[in-house]
$ cat upload_28.txt   # compact mmCIF, C-alpha atoms and all ligand atoms
# COMPACT_ATOMS: atom_id res chain seq x y z
CA MET C 258 -24.22 26.18 10.36
CA GLU C 259 -26.22 26.77 13.52
CA GLY C 260 -24.34 24.07 15.42
CA TYR C 261 -21.00 25.80 15.07
CA LYS C 262 -21.95 29.25 16.26
CA ALA C 263 -20.93 28.36 19.82
CA ASP C 264 -17.35 28.13 18.56
CA SER C 265 -16.67 31.57 17.21
CA GLY C 266 -13.45 30.47 15.52
CA PHE C 267 -15.13 27.78 13.44
CA ALA C 268 -18.15 30.00 12.73
CA ARG C 269 -16.01 32.83 11.46
CA ARG C 270 -13.90 30.66 9.21
CA THR C 271 -16.96 28.78 7.97
CA GLU C 272 -18.51 32.03 6.83
CA GLU C 273 -15.34 33.09 5.08
CA ILE C 274 -15.20 30.06 2.82
CA GLY C 275 -18.95 29.54 2.53
CA VAL C 276 -18.90 25.79 3.04
CA PRO C 277 -22.18 24.42 1.66
CA ASN C 278 -24.50 21.97 3.41
CA LEU C 279 -22.01 19.20 4.10
CA ALA C 280 -22.29 16.53 6.76
CA PRO C 281 -21.06 17.97 10.09
CA GLU C 282 -17.80 16.04 10.28
CA PHE C 283 -16.90 17.03 6.77
CA ARG C 284 -17.91 20.62 7.37
CA ILE C 285 -15.32 20.77 10.15
CA ASP C 286 -12.90 18.87 7.96
CA GLU C 287 -13.21 21.47 5.22
CA VAL C 288 -12.77 24.36 7.62
CA ILE C 289 -9.65 22.86 9.14
CA ARG C 290 -8.24 22.22 5.71
CA THR C 291 -8.38 25.92 4.88
CA THR C 292 -5.96 26.56 7.73
CA TYR C 293 -3.23 24.57 5.96
CA ASP C 294 -1.32 27.70 5.15
CA ASN C 295 1.78 25.67 4.43
CA LEU C 296 0.29 23.96 1.37
CA THR C 297 2.60 24.80 -1.48
CA LEU C 298 1.81 24.96 -5.19
CA GLU C 299 3.78 21.75 -5.61
CA GLN C 300 1.44 19.97 -3.21
CA ILE C 301 -1.69 21.30 -4.84
CA GLU C 302 -0.62 20.80 -8.46
CA PRO C 303 -0.92 16.98 -8.59
CA VAL C 304 -4.62 17.27 -7.75
CA ARG C 305 -5.33 18.36 -11.29
CA SER C 306 -3.74 15.25 -12.73
CA LEU C 307 -5.41 12.84 -10.31
CA PRO C 308 -8.13 11.05 -12.26
CA THR C 309 -11.52 10.82 -10.56
CA ARG C 310 -11.74 7.11 -11.40
CA ILE C 311 -8.69 6.33 -9.33
CA GLY C 312 -9.06 3.77 -6.58
CA ILE C 313 -6.28 3.76 -4.06
CA GLY C 314 -5.74 2.76 -0.46
CA GLY C 315 -9.09 0.98 -0.30
CA LEU C 316 -10.54 4.47 0.23
CA PRO C 317 -14.25 4.96 -0.40
CA SER C 318 -14.72 7.59 -3.11
CA VAL C 319 -16.09 10.21 -0.71
CA LEU C 320 -12.98 9.94 1.49
CA LEU C 321 -10.67 9.91 -1.50
CA SER C 322 -12.21 13.12 -2.81
CA LYS C 323 -11.62 14.74 0.59
CA LEU C 324 -7.98 13.64 0.67
CA ARG C 325 -7.30 14.36 -2.99
CA PRO C 326 -6.07 17.95 -2.48
CA LEU C 327 -3.45 16.70 -0.05
CA LEU C 328 -2.07 13.82 -2.09
CA LYS C 329 1.13 14.14 -4.04
CA TYR C 330 1.76 12.05 -7.15
CA THR C 331 5.01 10.10 -7.21
CA GLN C 332 6.70 7.61 -9.52
CA LEU C 333 8.38 4.69 -7.78
CA ALA C 334 11.27 2.87 -9.45
CA LYS C 335 11.99 -0.80 -8.88
CA ASP C 336 14.02 -1.39 -5.70
CA ASP C 337 13.49 2.18 -4.37
CA TYR C 338 13.15 2.22 -0.60
CA LEU C 339 10.19 4.12 0.85
CA PHE C 340 11.81 3.71 4.24
CA GLN C 341 14.23 1.37 5.94
CA GLN C 342 14.11 -0.33 9.31
CA ASP C 343 14.45 2.23 12.14
CA ASP C 344 13.87 5.20 9.80
CA ARG C 345 11.43 7.92 10.74
CA VAL C 346 8.40 7.56 8.46
CA ASP C 347 7.25 10.97 7.22
CA PHE C 348 4.83 9.87 4.49
CA VAL C 349 2.01 7.41 4.05
CA PHE C 350 2.04 5.96 0.53
CA PHE C 351 -0.97 4.88 -1.51
CA PRO C 352 0.32 2.69 -4.37
CA GLU C 353 -1.74 2.73 -7.55
CA SER C 354 0.16 0.60 -10.10
CA ALA C 355 3.25 0.14 -7.90
CA VAL C 356 3.54 -2.80 -5.49
CA ILE C 357 5.49 -2.46 -2.27
CA SER C 358 7.15 -5.25 -0.29
CA GLU C 359 7.89 -4.89 3.40
CA PHE C 360 10.81 -6.89 4.73
CA GLN C 361 12.33 -7.90 7.99
CA MET C 362 16.10 -7.94 7.82
CA LEU C 363 18.27 -10.06 10.13
CA ALA C 364 21.64 -8.91 11.43
CA ASP C 365 23.41 -11.32 9.05
CA GLY C 366 21.72 -9.71 6.02
CA ARG C 367 19.09 -12.39 5.42
CA THR C 368 15.61 -11.08 4.70
CA ILE C 369 12.02 -12.28 4.54
CA GLU C 370 8.95 -10.50 3.25
CA VAL C 371 6.25 -9.79 5.82
CA ALA C 372 3.72 -7.88 3.72
CA VAL C 373 2.98 -6.88 0.15
CA THR C 374 0.77 -3.90 -0.69
CA GLY C 375 -0.73 -2.53 -3.87
CA SER C 376 -3.69 -0.29 -4.65
CA GLU C 377 -5.82 -2.01 -2.03
CA GLY C 378 -3.81 -0.59 0.84
CA ALA C 379 -1.43 2.01 2.20
CA VAL C 380 2.18 1.76 3.34
CA GLY C 381 3.48 3.53 6.44
CA ILE C 382 0.18 3.67 8.32
CA SER C 383 1.91 2.60 11.53
CA SER C 384 3.57 6.05 11.54
CA VAL C 385 0.22 7.75 12.10
CA TRP C 386 -0.05 9.01 15.69
CA SER C 387 3.27 7.39 16.47
CA THR C 388 6.83 8.59 16.82
CA SER C 389 8.23 5.05 16.73
CA PRO C 390 10.68 4.31 13.92
CA ALA C 391 9.83 1.92 11.09
CA VAL C 392 9.68 -1.72 12.16
CA ASN C 393 10.24 -3.05 8.62
CA CYS C 394 11.85 -1.73 5.49
CA ALA C 395 9.56 -0.99 2.54
CA GLN C 396 10.90 -1.48 -0.97
CA VAL C 397 9.35 -1.14 -4.41
CA CYS C 398 8.80 -4.64 -5.80
CA VAL C 399 6.89 -3.63 -8.94
CA ALA C 400 7.67 -0.18 -10.35
CA GLY C 401 4.75 2.16 -10.91
CA ASN C 402 3.00 5.20 -9.55
CA ALA C 403 1.66 6.03 -6.12
CA TYR C 404 0.33 8.96 -4.12
CA LYS C 405 1.71 10.09 -0.83
CA ILE C 406 0.58 12.28 2.01
CA GLU C 407 2.57 13.69 4.90
CA ALA C 408 1.85 11.64 8.02
CA ASP C 409 1.28 14.84 10.03
CA ILE C 410 -1.38 16.06 7.60
CA LEU C 411 -3.11 12.68 7.54
CA GLU C 412 -3.20 12.79 11.34
CA ARG C 413 -4.98 16.14 11.25
CA GLU C 414 -7.50 14.83 8.73
CA LEU C 415 -8.09 11.76 10.87
CA THR C 416 -8.75 13.88 13.93
CA TYR C 417 -11.86 15.37 12.34
CA SER C 418 -13.22 12.48 10.28
CA ARG C 419 -14.82 9.38 11.78
CA PRO C 420 -15.07 7.64 8.36
CA LEU C 421 -11.34 8.19 7.88
CA GLN C 422 -10.66 6.77 11.33
CA ARG C 423 -12.71 3.68 10.41
CA TRP C 424 -10.73 3.36 7.19
CA LEU C 425 -7.47 3.48 9.15
CA HIS C 426 -8.66 0.76 11.52
CA ASP C 427 -9.75 -1.40 8.58
CA GLN C 428 -6.32 -0.91 7.02
CA ILE C 429 -4.55 -1.87 10.24
CA ASN C 430 -6.77 -4.97 10.55
CA SER C 431 -5.98 -6.02 6.96
CA TYR C 432 -2.30 -5.44 7.62
CA ILE C 433 -2.36 -7.58 10.79
CA LYS C 434 -4.36 -10.25 8.94
CA GLN C 435 -1.77 -10.39 6.15
CA ILE C 436 1.19 -10.54 8.55
CA SER C 437 -0.55 -13.26 10.62
CA GLN C 438 -1.23 -15.28 7.48
CA LYS C 439 2.41 -14.89 6.46
CA VAL C 440 3.50 -16.32 9.82
CA ILE C 441 1.34 -19.41 9.20
CA CYS C 442 2.53 -19.62 5.60
CA ASN C 443 6.23 -19.33 6.42
CA THR C 444 5.93 -21.92 9.18
CA HIS C 445 3.66 -24.57 7.70
CA HIS C 446 3.64 -24.35 3.92
CA ALA C 447 6.12 -25.62 1.38
CA VAL C 448 8.28 -23.00 -0.26
CA GLU C 449 6.97 -24.01 -3.72
CA GLU C 450 3.41 -23.20 -2.60
CA ARG C 451 4.54 -19.93 -1.03
CA PHE C 452 6.26 -18.96 -4.27
CA CYS C 453 3.03 -19.53 -6.25
CA THR C 454 0.96 -17.60 -3.69
CA TRP C 455 3.38 -14.69 -3.81
CA LEU C 456 3.32 -14.52 -7.63
CA LEU C 457 -0.49 -14.48 -7.54
CA MET C 458 -0.43 -11.66 -5.01
CA LEU C 459 1.82 -9.62 -7.31
CA HIS C 460 -0.46 -10.40 -10.24
CA ASP C 461 -3.57 -9.24 -8.33
CA ARG C 462 -2.00 -6.02 -7.14
CA SER C 463 -0.13 -4.93 -10.25
CA LYS C 464 -2.54 -6.34 -12.91
CA LYS C 465 0.65 -7.32 -14.73
CA SER C 466 1.89 -10.73 -15.84
CA LYS C 467 5.52 -9.76 -16.41
CA PHE C 468 7.80 -8.85 -13.53
CA ASN C 469 11.38 -7.66 -13.34
CA LEU C 470 12.54 -9.99 -10.61
CA THR C 471 15.89 -11.65 -10.12
CA GLN C 472 16.17 -15.02 -8.46
CA GLU C 473 18.26 -13.32 -5.77
CA TYR C 474 15.38 -10.96 -5.00
CA ILE C 475 12.83 -13.82 -4.88
CA ALA C 476 15.13 -15.72 -2.52
CA GLY C 477 15.10 -12.69 -0.21
CA VAL C 478 11.29 -12.52 -0.31
CA LEU C 479 10.84 -16.18 0.53
CA GLY C 480 13.75 -16.41 2.97
CA VAL C 481 15.51 -19.21 1.07
CA TYR C 482 18.78 -19.63 -0.77
CA ARG C 483 18.93 -18.75 -4.46
CA PRO C 484 19.44 -22.35 -5.77
CA SER C 485 16.02 -23.22 -4.28
CA VAL C 486 14.45 -20.50 -6.41
CA THR C 487 16.26 -21.81 -9.50
CA CYS C 488 14.78 -25.29 -8.92
CA MET C 489 11.27 -23.98 -8.25
CA ALA C 490 11.26 -21.69 -11.26
CA LYS C 491 12.42 -24.56 -13.47
CA ALA C 492 9.68 -26.87 -12.17
CA LEU C 493 6.99 -24.21 -12.70
CA ARG C 494 8.23 -23.57 -16.22
CA GLU C 495 8.07 -27.28 -17.02
CA LYS C 496 4.43 -27.22 -15.88
CA GLU C 497 3.88 -24.17 -18.11
CA ALA C 498 2.66 -22.00 -15.24
CA ILE C 499 5.45 -19.45 -15.67
CA ASP C 500 8.28 -18.62 -18.00
CA TYR C 501 11.39 -16.59 -17.39
CA VAL C 502 14.48 -15.07 -18.88
CA ARG C 503 17.32 -13.47 -16.97
CA GLY C 504 15.83 -11.00 -14.49
CA GLN C 505 12.25 -11.38 -15.70
CA ILE C 506 9.38 -13.72 -14.84
CA PHE C 507 6.13 -14.12 -16.79
CA ILE C 508 2.93 -15.67 -15.48
CA THR C 509 1.71 -17.78 -18.39
CA ASP C 510 -1.10 -19.73 -16.69
CA ARG C 511 -2.72 -18.19 -13.64
CA GLN C 512 -5.03 -21.17 -13.05
CA LYS C 513 -2.12 -23.61 -12.88
CA LEU C 514 -0.36 -21.29 -10.48
CA LYS C 515 -3.44 -21.11 -8.30
CA LYS C 516 -3.74 -24.90 -8.14
CA MET C 517 -0.16 -25.06 -6.90
CA SER C 518 -0.50 -22.23 -4.37
CA CYS C 519 -1.15 -22.77 -0.66
CA ALA C 520 -4.47 -22.23 1.12
CA CYS C 521 -3.22 -18.86 2.33
CA TYR C 522 -3.91 -17.31 -1.04
CA SER C 523 -7.67 -17.41 -0.68
CA GLU C 524 -7.39 -16.30 2.97
CA LEU C 525 -5.34 -13.21 2.23
CA PRO C 526 -7.08 -9.85 1.82
CA PHE C 527 -7.55 -8.70 -1.78
CA SER C 528 -7.13 -12.14 -3.36
CA ARG C 529 -9.06 -12.50 -6.59
CA SER C 530 -11.71 -15.22 -6.45
CA PHE C 531 -10.81 -16.92 -9.70
ZN ZN C 601 0.65 -20.38 2.78
$ encode --input "upload_28.txt" --output "structure tokens" --more "lines below"
Ligand SMILES: [Zn+2]
Amino acid sequence: MEGYKADSGFARRTEEIGVPNLAPEFRIDEVIRTTYDNLTLEQIEPVRSLPTRIGIGGLPSVLLSKLRPLLKYTQLAKDDYLFQQDDRVDFVFFPESAVISEFQMLADGRTIEVAVTGSEGAVGISSVWSTSPAVNCAQVCVAGNAYKIEADILERELTYSRPLQRWLHDQINSYIKQISQKVICNTHHAVEERFCTWLLMLHDRSKKSKFNLTQEYIAGVLGVYRPSVTCMAKALREKEAIDYVRGQIFITDRQKLKKMSCACYSELPFSRSF
């Protein structure tokens, strides 16, 4: 406590809440948090239902426990948009079981996926310390739950926490790495390989083997026409790597899918090593 007596404001507020012997940056963090007078019951309530085992956003447990009071639980339905291109991004999302696709959309309506994020990452981090509108649109690819935090509040937390700043930089690096790998993939690898890699990425992030995906949607992800998806899906089914019915795809043999994926899969962050 001695170190904060020079700042009478911090010292006074520290005494009021009786913050125990925490590391200095977290001591400040805690004090600042008590000034969030605008925290409503709705924002605080989800804390009670947030399991301690949860792993989201690639956050170390100590950082997650610090952010937990500020996270709001949310259910995301398939095809919901978190934000669209040129929108203002007010929230950063931490998917847990949901998987989010980010797309670039051309003027003629064609799309291509540039990033896919599950519980290993966060969506909307480019909005932190920035007033620029969204560069991509973010859409729910696999329905599930997530947690969100107001970008303004995350900014304040970041201001006082070096570990959180390091986490943000790691997230940005992973994001750039994934987008860079996608550029290589979209330029140099066959669409069949890209399709297998993408299915494996969904499998890793959702821990599910069954997906509600139309061929139209997959065509938009891969930036190809729908008949190409029909041919690829048929070939993969003949090899017993996947199966499908209308609007649903099932991964039936992950190892076969991996053998047919491109080299990008093992290069991408959060790829499982089997
Ligand atoms: Zn590739």
$ residues_near_ligand --input "upload_28.txt" --ligand "ligand ZN 601 (chain C)" --cutoff "10 Å" --atoms "only C-alpha atoms and all ligand atoms" --output "list in words"
Gln438, Lys439, Val440, Ile441, Cys442, Asn443, Thr444, His445, His446, Ala447, Val448, Glu449, Glu450, Arg451, Phe452, Cys453, Thr454, Trp455, Ser518, Cys519, Ala520, Cys521, Tyr522, Ser523, Glu524 and Leu525 of chain C
$ closest_residue --input "upload_28.txt" --among "C:Lys465, C:Ala498, C:Pro390, C:Lys405" --to "Lys516 (chain C)" --atoms "only C-alpha atoms"
C:Ala498
$ residues_around --input "upload_28.txt" --residues "Val380 (chain C)" --least-positions-apart "4" --cutoff "12 Å" --atoms "all atoms listed in the file" --output "PyMOL selection string"
chain C and resi 313-315+338-340+346-353+355-359+372-376+384-385+391+393-397+403-406+408+425+428-429+431-432
$ residues_around --input "upload_28.txt" --residues "His426 (chain C)" --least-positions-apart "6" --cutoff "12 Å" --atoms "all atoms listed in the file" --output "PDB file with C-alpha atoms, in the frame of the given file"
ATOM      1  CA  GLY C 315      -9.090   0.980  -0.300  1.00  0.00           C
ATOM      2  CA  GLY C 378      -3.810  -0.590   0.840  1.00  0.00           C
ATOM      3  CA  ALA C 379      -1.430   2.010   2.200  1.00  0.00           C
ATOM      4  CA  ILE C 382       0.180   3.670   8.320  1.00  0.00           C
ATOM      5  CA  SER C 383       1.910   2.600  11.530  1.00  0.00           C
ATOM      6  CA  VAL C 385       0.220   7.750  12.100  1.00  0.00           C
ATOM      7  CA  LEU C 415      -8.090  11.760  10.870  1.00  0.00           C
ATOM      8  CA  ARG C 419     -14.820   9.380  11.780  1.00  0.00           C
ATOM      9  CA  PRO C 420     -15.070   7.640   8.360  1.00  0.00           C
ATOM     10  CA  TYR C 432      -2.300  -5.440   7.620  1.00  0.00           C
ATOM     11  CA  ILE C 433      -2.360  -7.580  10.790  1.00  0.00           C
TER      12      ILE C 433
END
$ atom_distance --input "upload_28.txt" --atom1 "CA of Asp500 (chain C)" --atom2 "CA of Lys467 (chain C)"
9.4 Å
$ residues_near_point --input "upload_28.txt" --point "(9.1, -21.8, -10.0)" --cutoff "12 Å" --atoms "all atoms listed in the file" --output "VMD selection string"
chain C and resid 448 to 456 472 475 to 476 483 to 501 506 to 509 513 to 514 517 to 518
$ closest_residue --input "upload_28.txt" --among "C:Val319, C:Val371, C:Phe527, C:Thr331" --to "Asp461 (chain C)" --atoms "all atoms listed in the file"
C:Phe527
$ atom_distance --input "upload_28.txt" --atom1 "CA of Ala400 (chain C)" --atom2 "CA of Phe468 (chain C)"
9.2 Å
$ closest_residue --input "upload_28.txt" --among "C:Leu316, C:Glu370, C:Asn402, C:Glu377" --to "Tyr330 (chain C)" --atoms "only C-alpha atoms"
C:Asn402
$ closest_residue --input "upload_28.txt" --among "C:Gly381, C:Arg413, C:Asp336, C:Thr368" --to "Tyr482 (chain C)" --atoms "all atoms listed in the file"
C:Thr368
$ residues_around --input "upload_28.txt" --residues "Asn469 (chain C)" --least-positions-apart "4" --cutoff "8 Å" --atoms "all atoms listed in the file" --output "PyMOL selection string"
chain C and resi 399+504-506
$ closest_residue --input "upload_28.txt" --among "C:Arg345, C:Arg367, C:Gly401, C:Val478" --to "Gln332 (chain C)" --atoms "only C-alpha atoms"
C:Gly401
$ atom_distance --input "upload_28.txt" --atom1 "CA of Leu328 (chain C)" --atom2 "CA of Leu411 (chain C)"
9.8 Å
$ closest_residue --input "upload_28.txt" --among "C:Lys329, C:Ala364, C:Val502, C:Ser322" --to "Gln342 (chain C)" --atoms "all atoms listed in the file"
C:Ala364
$ axis_aligned_box --input "upload_28.txt" --around "region 445-452 of chain C" --padding-each-side "4 Å" --output "lines of an AutoDock Vina configuration file"
center_x = 5.8
center_y = -22.3
center_z = 1.7
size_x = 12.9
size_y = 14.7
size_z = 20.0
